[in-house]
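Undergrad: Data file coords-v6.txt (compact mmCIF, C-alpha atoms) is appended below.
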```
# COMPACT_ATOMS: atom_id res chain seq x y z
CA MET A 1 -32.55 19.66 26.08
CA ARG A 2 -35.08 17.21 27.41
CA ILE A 3 -36.92 17.25 24.12
CA LEU A 4 -33.71 16.71 22.21
CA GLU A 5 -32.87 13.72 24.40
CA ASP A 6 -36.30 12.21 24.01
CA SER A 7 -36.52 12.62 20.27
CA ASN A 8 -32.86 12.25 19.46
CA THR A 9 -32.53 9.32 17.12
CA LEU A 10 -28.84 9.99 16.65
CA ASP A 11 -27.59 8.86 19.99
CA PRO A 12 -29.96 8.97 22.91
CA VAL A 13 -27.32 7.45 25.17
CA THR A 14 -24.64 10.02 24.78
CA SER A 15 -27.02 12.82 23.76
CA MET A 16 -24.11 14.93 22.74
CA GLY A 17 -26.22 16.71 20.18
CA GLU A 18 -26.96 16.31 16.53
CA ASN A 19 -23.70 16.22 14.62
CA GLY A 20 -21.92 17.52 17.71
CA ASN A 21 -19.41 14.74 17.36
CA GLY A 22 -19.02 14.97 13.63
CA LYS A 23 -19.46 12.44 10.91
CA LEU A 24 -17.53 9.56 9.40
CA ALA A 25 -17.97 9.03 5.66
CA MET A 26 -16.81 5.84 3.98
CA VAL A 27 -16.66 4.98 0.31
CA VAL A 28 -16.73 1.19 0.15
CA PHE A 29 -15.45 0.05 -3.22
CA SER A 30 -14.13 -3.39 -2.21
CA GLY A 31 -16.34 -6.38 -1.60
CA THR A 32 -13.98 -8.85 0.01
CA MET A 33 -14.12 -9.88 3.65
CA ASP A 34 -10.72 -8.36 4.48
CA ARG A 35 -12.08 -4.93 3.46
CA LEU A 36 -15.66 -5.26 4.68
CA MET A 37 -14.67 -6.28 8.22
CA PRO A 38 -13.15 -2.87 9.03
CA VAL A 39 -16.17 -1.12 7.52
CA GLY A 40 -18.43 -2.67 10.15
CA ILE A 41 -15.95 -2.22 12.98
CA LEU A 42 -15.08 1.41 12.16
CA ALA A 43 -18.77 2.28 11.77
CA SER A 44 -19.41 0.76 15.22
CA GLY A 45 -16.58 2.69 16.81
CA ALA A 46 -17.82 5.94 15.27
CA VAL A 47 -21.37 5.32 16.48
CA ALA A 48 -20.07 4.51 19.96
CA MET A 49 -18.36 7.89 20.04
CA GLY A 50 -21.57 9.62 18.99
CA MET A 51 -20.65 10.25 15.37
CA ASP A 52 -23.00 9.98 12.42
CA VAL A 53 -21.91 7.59 9.68
CA ASP A 54 -22.58 7.69 5.95
CA ILE A 55 -21.46 4.69 3.91
CA PHE A 56 -21.42 4.84 0.12
CA LEU A 57 -21.39 1.35 -1.40
CA THR A 58 -20.08 1.19 -4.92
CA PHE A 59 -18.97 -1.52 -7.38
CA TRP A 60 -17.74 -4.62 -5.53
CA GLY A 61 -18.62 -3.09 -2.19
CA LEU A 62 -22.21 -2.74 -3.33
CA GLN A 63 -22.34 -6.26 -4.78
CA ALA A 64 -21.49 -7.71 -1.37
CA PHE A 65 -24.84 -6.28 -0.19
CA SER A 66 -26.87 -7.85 -3.00
CA LYS A 67 -29.42 -10.47 -2.04
CA ARG A 68 -27.69 -12.89 -4.42
CA ALA A 69 -24.38 -12.65 -2.57
CA GLN A 70 -25.84 -13.61 0.81
CA GLY A 71 -24.98 -17.03 2.11
CA ALA A 72 -22.03 -17.39 -0.26
CA PRO A 73 -18.70 -18.28 1.38
CA PRO A 74 -16.69 -15.16 2.27
CA LYS A 75 -14.28 -13.98 -0.40
CA PHE A 76 -10.86 -12.58 0.39
CA SER A 77 -8.60 -10.31 -1.59
CA GLY A 78 -5.86 -12.08 -3.53
CA ASP A 79 -3.35 -10.20 -1.37
CA TYR A 80 -4.38 -12.34 1.58
CA ALA A 81 -5.37 -15.54 -0.23
CA ASP A 82 -2.78 -17.58 1.66
CA MET A 83 -4.20 -16.46 5.00
CA ALA A 84 -7.88 -16.69 4.04
CA PRO A 85 -8.59 -20.26 5.26
CA MET A 86 -6.95 -19.57 8.63
CA PHE A 87 -8.80 -16.28 9.00
CA ALA A 88 -12.15 -17.80 8.02
CA GLU A 89 -11.62 -20.55 10.58
CA VAL A 90 -10.72 -18.11 13.36
CA MET A 91 -13.79 -16.00 12.55
CA LYS A 92 -16.03 -19.03 12.79
CA LYS A 93 -14.40 -20.39 15.93
CA LYS A 94 -14.50 -17.04 17.74
CA ASN A 95 -18.03 -16.32 16.57
CA VAL A 96 -17.04 -13.08 14.86
CA PRO A 97 -20.16 -11.42 13.48
CA SER A 98 -20.22 -10.80 9.73
CA PRO A 99 -19.66 -7.22 8.54
CA ILE A 100 -23.36 -7.00 7.73
CA GLU A 101 -24.34 -8.15 11.23
CA THR A 102 -21.91 -5.62 12.71
CA LEU A 103 -23.46 -2.86 10.59
CA LYS A 104 -26.95 -3.87 11.71
CA THR A 105 -25.87 -3.49 15.34
CA ALA A 106 -24.29 -0.11 14.59
CA LYS A 107 -27.51 1.01 12.91
CA LYS A 108 -29.54 0.05 15.97
CA LEU A 109 -27.33 2.15 18.23
CA GLY A 110 -26.72 5.19 16.08
CA ASN A 111 -27.26 7.18 12.96
CA VAL A 112 -25.77 5.07 10.16
CA THR A 113 -27.00 5.60 6.62
CA ILE A 114 -26.01 3.13 3.93
CA HIS A 115 -26.16 4.41 0.38
CA ALA A 116 -26.16 2.36 -2.82
CA CYS A 117 -24.31 3.92 -5.75
CA THR A 118 -26.77 4.65 -8.55
CA MET A 119 -24.07 4.51 -11.22
CA THR A 120 -23.10 0.94 -10.33
CA MET A 121 -26.77 -0.03 -10.27
CA ASP A 122 -27.40 1.52 -13.68
CA LEU A 123 -24.38 -0.25 -15.18
CA LEU A 124 -25.50 -3.63 -13.88
CA GLY A 125 -29.22 -3.08 -14.38
CA GLN A 126 -29.93 -3.35 -10.65
CA THR A 127 -32.70 -1.83 -8.55
CA LYS A 128 -32.88 -1.17 -4.79
CA GLY A 129 -34.86 -4.39 -4.45
CA ASP A 130 -31.78 -6.37 -5.47
CA PHE A 131 -30.09 -5.43 -2.21
CA ILE A 132 -30.62 -6.47 1.39
CA ASP A 133 -32.60 -4.23 3.75
CA VAL A 134 -29.55 -2.86 5.54
CA VAL A 135 -29.09 -0.63 2.46
CA ASP A 136 -31.13 2.48 3.18
CA ARG A 137 -31.28 4.33 -0.09
CA THR A 138 -29.84 4.92 -3.53
CA THR A 139 -27.57 7.93 -3.91
CA GLY A 140 -25.60 9.56 -6.70
CA VAL A 141 -21.97 10.45 -6.24
CA GLY A 142 -22.74 14.17 -6.22
CA GLU A 143 -25.17 13.86 -3.36
CA PHE A 144 -22.77 11.63 -1.45
CA MET A 145 -19.98 14.19 -1.86
CA ASP A 146 -22.34 16.83 -0.52
CA LEU A 147 -22.82 14.62 2.58
CA ALA A 148 -19.13 13.73 2.84
CA LYS A 149 -17.87 17.30 2.65
CA ASP A 150 -19.16 17.85 6.18
CA ALA A 151 -17.51 14.70 7.52
CA LYS A 152 -14.58 14.89 9.91
CA MET A 153 -13.01 11.97 8.14
CA THR A 154 -13.60 10.17 4.89
CA LEU A 155 -12.21 6.73 4.14
CA PHE A 156 -11.95 4.93 0.82
CA ILE A 157 -12.00 1.20 1.41
CA MET B 158 -17.15 3.67 45.64
CA ALA B 159 -15.96 0.10 45.43
CA ALA B 160 -17.71 -2.11 42.95
CA GLU B 161 -18.39 -4.62 45.75
CA GLU B 162 -20.75 -2.20 47.52
CA VAL B 163 -22.94 -1.59 44.50
CA LYS B 164 -26.02 -3.59 43.64
CA VAL B 165 -25.87 -4.51 39.97
CA THR B 166 -29.17 -4.09 38.13
CA ARG B 167 -28.18 -5.89 34.99
CA VAL B 168 -25.30 -8.09 33.88
CA VAL B 169 -24.21 -8.10 30.25
CA ASP B 170 -22.05 -11.13 29.59
CA ALA B 171 -20.11 -10.23 26.44
CA ARG B 172 -17.34 -12.77 26.97
CA GLY B 173 -16.52 -14.43 23.69
CA SER B 174 -17.53 -11.32 21.77
CA VAL B 175 -14.74 -9.60 19.85
CA CYS B 176 -14.05 -5.85 19.56
CA PRO B 177 -16.23 -3.80 19.41
CA GLY B 178 -18.90 -6.30 20.51
CA PRO B 179 -18.71 -5.76 24.30
CA LEU B 180 -18.81 -1.97 23.92
CA MET B 181 -21.82 -2.14 21.60
CA ALA B 182 -23.55 -4.58 23.97
CA LEU B 183 -22.96 -2.18 26.85
CA ILE B 184 -24.30 0.81 24.90
CA GLY B 185 -27.44 -1.13 24.00
CA ALA B 186 -27.95 -2.20 27.62
CA VAL B 187 -27.39 1.30 29.02
CA ARG B 188 -29.93 2.61 26.56
CA GLU B 189 -32.54 0.10 27.77
CA GLN B 190 -32.01 0.63 31.51
CA LYS B 191 -33.32 3.44 33.70
CA VAL B 192 -31.29 6.32 35.09
CA GLY B 193 -29.65 5.16 38.32
CA ASP B 194 -29.39 1.52 37.22
CA VAL B 195 -26.04 -0.20 37.51
CA ILE B 196 -24.86 -2.30 34.61
CA ALA B 197 -21.97 -4.76 34.75
CA VAL B 198 -20.41 -5.89 31.50
CA TYR B 199 -18.06 -8.87 31.25
CA SER B 200 -15.51 -8.67 28.46
CA GLY B 201 -12.47 -10.69 27.50
CA ASP B 202 -11.65 -8.27 24.70
CA THR B 203 -8.48 -6.21 25.16
CA GLY B 204 -9.90 -3.15 23.38
CA SER B 205 -12.64 -2.91 26.02
CA ARG B 206 -9.99 -1.91 28.57
CA THR B 207 -9.70 1.49 26.99
CA ASP B 208 -12.84 1.74 24.87
CA ILE B 209 -15.39 1.11 27.63
CA PRO B 210 -14.01 3.66 30.16
CA LEU B 211 -13.65 6.22 27.34
CA TRP B 212 -17.22 5.69 26.20
CA ILE B 213 -18.56 5.94 29.77
CA LYS B 214 -16.72 9.23 30.22
CA LYS B 215 -17.85 10.63 26.86
CA ALA B 216 -21.43 9.51 27.42
CA GLY B 217 -21.45 11.16 30.85
CA HIS B 218 -22.16 8.05 32.91
CA GLU B 219 -20.41 6.98 36.09
CA MET B 220 -17.60 4.44 35.93
CA ILE B 221 -17.89 2.61 39.23
CA GLY B 222 -15.00 0.27 38.71
CA VAL B 223 -13.20 -2.45 36.81
CA ARG B 224 -12.49 -5.83 38.31
CA ASP B 225 -10.09 -8.39 36.94
CA ARG B 226 -11.55 -11.84 36.68
CA THR B 227 -9.96 -14.97 35.33
CA GLY B 228 -9.67 -14.42 31.60
CA TYR B 229 -11.94 -11.38 31.49
CA ALA B 230 -12.68 -8.05 33.11
CA GLU B 231 -15.86 -6.77 34.71
CA PHE B 232 -16.75 -3.13 34.08
CA VAL B 233 -19.39 -1.62 36.37
CA VAL B 234 -21.20 1.53 35.27
CA ARG B 235 -24.08 3.58 36.60
CA LYS B 236 -26.43 5.19 34.09
CA THR B 237 -26.61 8.82 35.19
CA ARG B 238 -28.61 10.47 32.43
```
I need this file expressed as structure tokens, please.

TA:
Amino acid sequence: MRILEDSNTLDPVTSMGENGNGKLAMVVFSGTMDRLMPVGILASGAVAMGMDVDIFLTFWGLQAFSKRAQGAPPKFSGDYADMAPMFAEVMKKKNVPSPIETLKTAKKLGNVTIHACTMTMDLLGQTKGDFIDVVDRTTGVGEFMDLAKDAKMTLFI
Amino acid sequence: MAAEEVKVTRVVDARGSVCPGPLMALIGAVREQKVGDVIAVYSGDTGSRTDIPLWIKKAGHEMIGVRDRTGYAEFVVRKTR
């Protein structure tokens, strides 16, 4: 038990055991702020409760993690276009961390793996180097499904 | 034990941080401290009211108490493992 606690990279605080609290899998298809915000927040909540997290970034979700996209003003889904300026202002005023910052914090505290969809990358001629460091690895959909089948919950965002 | 009687080892001021910021700040601080240390976290976030006590319980630490302050709450926890 002592050894597990000392070497446990999953959650040394809670030390509730590897995968003892299950796993959250998320497929992140959308790349707008209104969809990325919950990705960071839900990943944080899962990590806090000792869960592992696997995030599969695909299409627009993946593009939000490209180096090119960084620093650009946040985009919102057309569904919320009328509320976007107000929301962006509130986020700035209340110092709300970006989804990427939130994910970085979650990664520091727990076992969060961020996967880049190889199919999207092939279509757009992208390589892992086109994405920011928070992206851990490139993964095919088959391998991701193999990871997700053991998850307690899977979300498509 | 009343929170007043406990010597706080470390204060984490997470006021102004939105959910789940204060909880994550507390987890990071608990991880860095030694067993037996007492950590106080200040949070103005409503979610902390339920999230922080739940996490402390799940993580097996000791919830010493919660104190209402003006515009925020102070959660006091002892790292027990």

Undergrad: What does the distance from atom CA of Gly40 of chain A to atom CA of Ala197 of chain B come to in Å, to one decimal?

TA: 24.9 Å

Undergrad: Would you mind listing, as a PyMOL selection string, all residues of chain B that have at least one atom within 10 Å of chain A, where only C-alpha atoms are what counts?

TA: chain B and resi 173-178+180-182+184-189+208-209+211-218+236+238

Undergrad: Asp150 of chain A: which residues within 10 Å, counting all atoms listed in the file, same-chain residues fewer than 2 positions away excluded, as a ChimeraX atom specification?

TA: /A:19,22-25,145-148,152-154

Undergrad: Counting only C-alpha atoms, figure out which residue out of B:Gln190, B:Lys164, B:Ala171, B:Arg224 gets nearest to Asp202 of chain B.

TA: B:Ala171

Undergrad: Of the residues B:Thr237, B:Gly201, B:Asp194, B:Thr207, which is the one nearest to Asp225 of chain B, using all atoms listed in the file?

TA: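 Of all the options, B:Gly201 lies closest to Asp225 of chain B.
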
Undergrad: Quick one: distance from atom CA of Met26 of chain A to atom CA of Leu155 of chain A in Å, one decimal?

TA: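 Calculated distance between atom CA of Met26 of chain A and atom CA of Leu155 of chain A is 4.7 Å.
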
Undergrad: Residues near Met37 of chain A, anyone? I mean within 8 Å using all atoms listed in the file, not counting same-chain ones fewer than 4 positions away, as a VMD selection string.

TA: chain A and resid 33 41 98 to 99

Undergrad: What does the distance from atom CA of Leu103 of chain A to atom CA of Val39 of chain A come to in Å, to one decimal?

TA: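 Going from atom CA of Leu103 of chain A over to atom CA of Val39 of chain A covers 8.1 Å.
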